[in-house]
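Asker: Contents of input_2.cif (mmCIF, C-alpha atoms) are given next:
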```cif
data_upload
loop_
_atom_site.group_PDB
_atom_site.id
_atom_site.type_symbol
_atom_site.label_atom_id
_atom_site.label_comp_id
_atom_site.auth_asym_id
_atom_site.auth_seq_id
_atom_site.Cartn_x
_atom_site.Cartn_y
_atom_site.Cartn_z
ATOM 1 C CA ARG Q 1 63.328 312.710 80.055
ATOM 2 C CA ARG Q 2 61.790 312.805 76.597
ATOM 3 C CA SER Q 3 60.725 316.459 76.923
ATOM 4 C CA LYS Q 4 64.206 317.393 78.077
ATOM 5 C CA ARG Q 5 65.705 315.716 75.021
ATOM 6 C CA SER Q 6 63.397 317.505 72.578
ATOM 7 C CA ALA Q 7 64.431 320.891 74.022
ATOM 8 C CA GLU Q 8 68.138 320.214 73.401
ATOM 9 C CA LYS Q 9 69.845 321.872 70.473
ATOM 10 C CA VAL Q 10 72.486 320.066 68.505
ATOM 11 C CA MET Q 11 75.109 322.264 66.908
ATOM 12 C CA PHE Q 12 77.705 321.131 64.390
ATOM 13 C CA LEU Q 13 80.835 323.240 64.128
ATOM 14 C CA THR Q 14 82.405 322.595 60.748
ATOM 15 C CA PRO Q 15 85.260 324.165 58.840
ATOM 16 C CA LEU Q 16 84.118 326.655 56.216
ATOM 17 C CA HIS Q 17 85.784 328.644 53.468
ATOM 18 C CA GLY Q 18 84.247 331.739 51.987
ATOM 19 C CA GLY Q 19 84.679 334.586 49.593
ATOM 20 C CA ILE Q 20 82.763 337.670 48.587
ATOM 21 C CA TRP Q 21 79.641 335.882 47.355
ATOM 22 C CA THR Q 22 79.553 332.431 48.988
ATOM 23 C CA MET Q 23 80.566 330.441 52.041
ATOM 24 C CA CYS Q 24 81.109 326.688 51.591
ATOM 25 C CA ILE Q 25 81.491 323.740 53.921
ATOM 26 C CA ASP Q 26 85.026 322.398 53.837
ATOM 27 C CA LEU Q 27 84.451 318.672 54.445
ATOM 28 C CA THR Q 28 85.362 315.525 52.564
ATOM 29 C CA LYS Q 29 82.559 313.371 51.119
ATOM 30 C CA GLU Q 30 83.074 310.817 53.888
ATOM 31 C CA GLN Q 31 82.886 313.450 56.644
ATOM 32 C CA GLN Q 32 79.803 314.976 55.019
ATOM 33 C CA GLN Q 33 78.115 311.567 54.871
ATOM 34 C CA ASN Q 34 78.993 310.874 58.513
ATOM 35 C CA LEU Q 35 77.506 314.173 59.646
ATOM 36 C CA THR Q 36 74.405 313.684 57.492
ATOM 37 C CA GLU Q 37 73.752 310.435 59.341
ATOM 38 C CA GLN Q 38 74.027 312.365 62.624
ATOM 39 C CA GLY Q 39 71.450 314.945 61.480
ATOM 40 C CA PHE Q 40 73.582 317.618 59.808
ATOM 41 C CA LEU Q 41 71.401 318.748 56.919
ATOM 42 C CA MET Q 42 73.480 321.480 55.301
ATOM 43 C CA SER Q 43 75.607 320.684 52.288
ATOM 44 C CA GLY Q 44 77.239 322.709 49.579
ATOM 45 C CA CYS Q 45 77.492 326.482 49.791
ATOM 46 C CA VAL Q 46 75.533 329.361 51.263
ATOM 47 C CA ASN Q 47 75.026 332.106 48.718
ATOM 48 C CA TYR Q 48 75.010 335.604 50.200
ATOM 49 C CA LEU Q 49 72.998 336.804 47.200
ATOM 50 C CA GLY Q 50 70.210 334.289 47.804
ATOM 51 C CA PRO Q 51 66.753 335.328 48.949
ATOM 52 C CA PRO Q 52 66.470 336.158 52.666
ATOM 53 C CA ASP Q 53 65.079 333.531 55.011
ATOM 54 C CA PRO Q 54 61.729 334.806 56.377
ATOM 55 C CA THR Q 55 61.964 332.546 59.460
ATOM 56 C CA ARG Q 56 65.231 334.140 60.583
ATOM 57 C CA PRO Q 57 65.092 337.347 62.589
ATOM 58 C CA ASP Q 58 67.382 340.013 61.154
ATOM 59 C CA LYS Q 59 69.493 340.624 64.253
ATOM 60 C CA ASN Q 60 72.632 340.870 62.131
ATOM 61 C CA ASP Q 61 71.214 343.249 59.564
ATOM 62 C CA TRP Q 62 74.390 345.372 59.638
ATOM 63 C CA ILE Q 63 76.432 342.356 58.544
ATOM 64 C CA GLN Q 64 74.137 341.864 55.563
ATOM 65 C CA ARG Q 65 74.464 345.545 54.650
ATOM 66 C CA MET Q 66 78.254 345.323 54.901
ATOM 67 C CA GLN Q 67 78.167 342.229 52.687
ATOM 68 C CA ASN Q 68 76.061 344.038 50.083
ATOM 69 C CA LEU Q 69 78.355 347.047 50.239
ATOM 70 C CA SER Q 70 81.396 344.803 49.682
ATOM 71 C CA ILE Q 71 79.765 343.158 46.679
ATOM 72 C CA SER Q 72 78.803 346.566 45.265
ATOM 73 C CA CYS Q 73 82.386 347.807 45.607
ATOM 74 C CA ALA Q 74 83.685 344.693 43.843
ATOM 75 C CA LEU Q 75 81.228 345.154 40.958
ATOM 76 C CA VAL Q 76 82.069 348.852 40.604
ATOM 77 C CA THR Q 77 85.761 347.933 40.506
ATOM 78 C CA CYS Q 78 85.141 345.434 37.699
ATOM 79 C CA ILE Q 79 83.076 347.962 35.734
ATOM 80 C CA LEU Q 80 85.772 350.610 36.149
ATOM 81 C CA LEU Q 81 88.518 348.240 34.999
ATOM 82 C CA ALA Q 82 86.536 347.291 31.882
ATOM 83 C CA SER Q 83 85.940 350.978 31.162
ATOM 84 C CA CYS Q 84 89.657 351.690 31.657
ATOM 85 C CA ALA Q 85 90.510 349.155 28.976
ATOM 86 C CA LEU Q 86 88.113 350.739 26.465
ATOM 87 C CA VAL Q 87 88.930 354.388 27.186
ATOM 88 C CA GLY Q 88 92.666 353.685 27.399
ATOM 89 C CA LEU Q 89 92.663 351.858 24.071
ATOM 90 C CA PHE Q 90 90.748 354.733 22.490
ATOM 91 C CA GLY Q 91 93.177 357.264 23.976
ATOM 92 C CA ILE Q 92 96.268 355.473 22.695
ATOM 93 C CA LEU Q 93 94.904 354.693 19.209
ATOM 94 C CA ASN Q 94 93.558 358.209 18.624
ATOM 95 C CA ARG Q 95 96.315 360.004 20.551
ATOM 96 C CA GLN Q 96 93.826 361.720 22.826
ATOM 97 C CA ILE Q 97 95.575 363.039 25.934
ATOM 98 C CA SER Q 98 92.263 363.670 27.723
ATOM 99 C CA ALA Q 99 91.242 360.014 27.327
ATOM 100 C CA VAL Q 100 94.636 358.927 28.699
ATOM 101 C CA LEU Q 101 94.206 361.181 31.761
ATOM 102 C CA VAL Q 102 90.647 359.949 32.288
ATOM 103 C CA THR Q 103 91.977 356.386 32.186
ATOM 104 C CA GLY Q 104 94.466 357.235 34.941
ATOM 105 C CA VAL Q 105 91.714 358.739 37.095
ATOM 106 C CA MET Q 106 89.462 355.706 36.525
ATOM 107 C CA TYR Q 107 92.310 353.441 37.670
ATOM 108 C CA ILE Q 108 92.563 355.521 40.857
ATOM 109 C CA LEU Q 109 88.803 355.114 41.390
ATOM 110 C CA ALA Q 110 89.094 351.362 40.794
ATOM 111 C CA THR Q 111 91.850 351.242 43.409
ATOM 112 C CA ILE Q 112 89.721 353.118 45.932
ATOM 113 C CA PHE Q 113 86.717 350.815 45.469
ATOM 114 C CA ALA Q 114 88.942 347.716 45.598
ATOM 115 C CA VAL Q 115 90.437 348.906 48.891
ATOM 116 C CA PHE Q 116 86.922 349.526 50.267
ATOM 117 C CA CYS Q 117 85.861 346.002 49.268
ATOM 118 C CA LEU Q 118 88.943 344.389 50.798
ATOM 119 C CA ALA Q 119 88.709 346.474 53.974
ATOM 120 C CA ILE Q 120 85.076 345.459 54.494
ATOM 121 C CA MET Q 121 85.971 341.790 54.030
ATOM 122 C CA HIS Q 122 88.877 342.175 56.460
ATOM 123 C CA PHE Q 123 86.614 343.839 59.029
ATOM 124 C CA LYS Q 124 84.020 341.074 58.762
ATOM 125 C CA ARG Q 125 86.663 338.416 59.319
ATOM 126 C CA ARG Q 126 88.166 340.241 62.299
ATOM 127 C CA THR Q 127 84.808 340.634 64.037
ATOM 128 C CA LYS Q 128 84.260 336.878 63.536
ATOM 129 C CA LYS Q 129 80.696 337.487 62.412
ATOM 130 C CA ASP Q 130 80.468 336.173 58.907
ATOM 131 C CA CYS Q 131 77.465 333.891 58.767
ATOM 132 C CA ALA Q 132 74.425 335.967 59.674
ATOM 133 C CA ASN Q 133 72.106 333.008 60.326
ATOM 134 C CA LEU Q 134 74.626 331.192 62.546
ATOM 135 C CA ASP Q 135 76.156 333.986 64.617
ATOM 136 C CA PRO Q 136 73.236 334.547 67.048
ATOM 137 C CA GLN Q 137 73.102 330.804 67.783
ATOM 138 C CA VAL Q 138 76.751 330.410 68.769
ATOM 139 C CA SER Q 139 77.463 330.967 72.446
ATOM 140 C CA PRO Q 140 80.310 333.359 73.335
ATOM 141 C CA TYR Q 141 82.666 330.643 74.554
ATOM 142 C CA LEU Q 142 82.321 328.783 71.243
ATOM 143 C CA ASN Q 143 82.682 332.023 69.309
ATOM 144 C CA ALA Q 144 86.160 332.439 70.781
ATOM 145 C CA ALA Q 145 87.147 329.128 69.167
ATOM 146 C CA ARG Q 146 86.281 330.322 65.670
ATOM 147 C CA VAL Q 147 89.368 330.889 63.557
ATOM 148 C CA PHE Q 148 89.309 332.994 60.408
ATOM 149 C CA SER Q 149 92.361 332.639 58.217
ATOM 150 C CA THR Q 150 93.026 334.207 54.868
ATOM 151 C CA SER Q 151 94.096 332.428 51.736
ATOM 152 C CA TRP Q 152 95.557 333.325 48.359
ATOM 153 C CA SER Q 153 92.503 335.223 47.118
ATOM 154 C CA LEU Q 154 92.779 338.008 49.680
ATOM 155 C CA SER Q 155 96.485 338.435 48.931
ATOM 156 C CA LEU Q 156 95.661 338.475 45.229
ATOM 157 C CA GLY Q 157 93.033 341.165 45.849
ATOM 158 C CA TRP Q 158 95.514 343.397 47.667
ATOM 159 C CA ALA Q 159 98.102 342.795 44.943
ATOM 160 C CA GLY Q 160 95.476 343.789 42.359
ATOM 161 C CA ALA Q 161 94.707 347.008 44.243
ATOM 162 C CA VAL Q 162 98.414 347.898 44.354
ATOM 163 C CA THR Q 163 98.725 347.054 40.646
ATOM 164 C CA CYS Q 164 95.773 349.349 39.849
ATOM 165 C CA LEU Q 165 97.443 352.161 41.766
ATOM 166 C CA GLY Q 166 100.689 351.568 39.851
ATOM 167 C CA ALA Q 167 98.799 351.518 36.550
ATOM 168 C CA ALA Q 168 97.070 354.784 37.483
ATOM 169 C CA LEU Q 169 100.398 356.457 38.090
ATOM 170 C CA LEU Q 170 101.783 355.147 34.793
ATOM 171 C CA TRP Q 171 98.703 356.349 32.852
ATOM 172 C CA LEU Q 172 98.921 359.783 34.446
ATOM 173 C CA LEU Q 173 102.631 360.052 33.588
ATOM 174 C CA LEU Q 174 102.113 358.837 30.004
#
```
Represent the supplied structure as structure tokens.
Answerer:
Amino acid sequence: RRSKRSAEKVMFLTPLHGGIWTMCIDLTKEQQQNLTEQGFLMSGCVNYLGPPDPTRPDKNDWIQRMQNLSISCALVTCILLASCALVGLFGILNRQISAVLVTGVMYILATIFAVFCLAIMHFKRRTKKDCANLDPQVSPYLNAARVFSTSWSLSLGWAGAVTCLGAALLWLLL
């Protein structure tokens, strides 16, 4: 009986919320304390940018690559938007039509990279494979119970992409 008990795996299914860089446990302090007493050791957030776990086999390596690609697209978008502000300001102050046109093109590029980032995040949520170290451990019948819902940040991201496209058109017509 004792050997049978040591071979058993205990799995805690908890609500999580995540973004581009982190995934956090969505429990109250009381729930977290209750689960800690039962043997649930994880608390806080999992950082996707953290060092890889050498004990974990990389069966979901494609998910990690998609995550890195999404983060890269988000960073490129931020860099492009900062550059748009500088080049656009220069173009307006010095009345340089070429700088104004370049600003419009950079806004189009920022829109493209933002759409890539959001599409990758959407794909990850739809495949229901978001936590690379947990996914291989969850049996298929439990995987069907996983629910991924979006919140305000994804809507804000899409609104930002549409706004960038609108700004690009305005800069090109200026």
Asker: Please determine an axis-aligned box that encloses all atoms of segment 149-168 of chain Q listed in the file, with 5 Å added on each side, and express its centre and edge lengths in Å to one decimal as lines of an AutoDock Vina configuration file.
Answerer:
```
center_x = 96.5
center_y = 343.6
center_z = 47.4
size_x = 18.3
size_y = 32.4
size_z = 31.7
```
Asker: Neighbours of Leu80 of chain Q within 10 Å (only C-alpha atoms; same-chain residues fewer than 6 positions away dropped), as a list in words?
Answerer: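 In the requested form, the answer reads Ala74, Leu86, Thr103, Met106, Tyr107, Ile108, Leu109, Ala110, Thr111 and Phe113 of chain Q.
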Asker: So which residues fall inside 6 Å of (88.2, 355.6, 29.9) if we count all atoms listed in the file? Mind giving them as a ChimeraX atom specification?
Answerer: /Q:83-84,86-88,99,102-103
Asker: Nearest to Leu118 of chain Q among Q:Cys164, Q:Val100, Q:Ile79, Q:Ile71, with distances taken over all atoms listed in the file: which residue is it?
Answerer: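 Once distances to Leu118 of chain Q are computed over all atoms listed in the file, the minimum belongs to Q:Ile71.
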Asker: List as number ranges by chain the protein and nucleic acid residues near Ser151 of chain Q, meaning an atom at most 12 Å away when only C-alpha atoms are counted, but skip any in the same chain fewer than 6 places from it.
Answerer: Q: 17-19, 157-158
Asker: Which is closer to Met42 of chain Q than all the others in Q:Thr14, Q:Ser155, Q:Thr22, Q:Ser70, using all atoms listed in the file?
Answerer: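 Using all atoms listed in the file, Met42 of chain Q sits closest to Q:Thr14.
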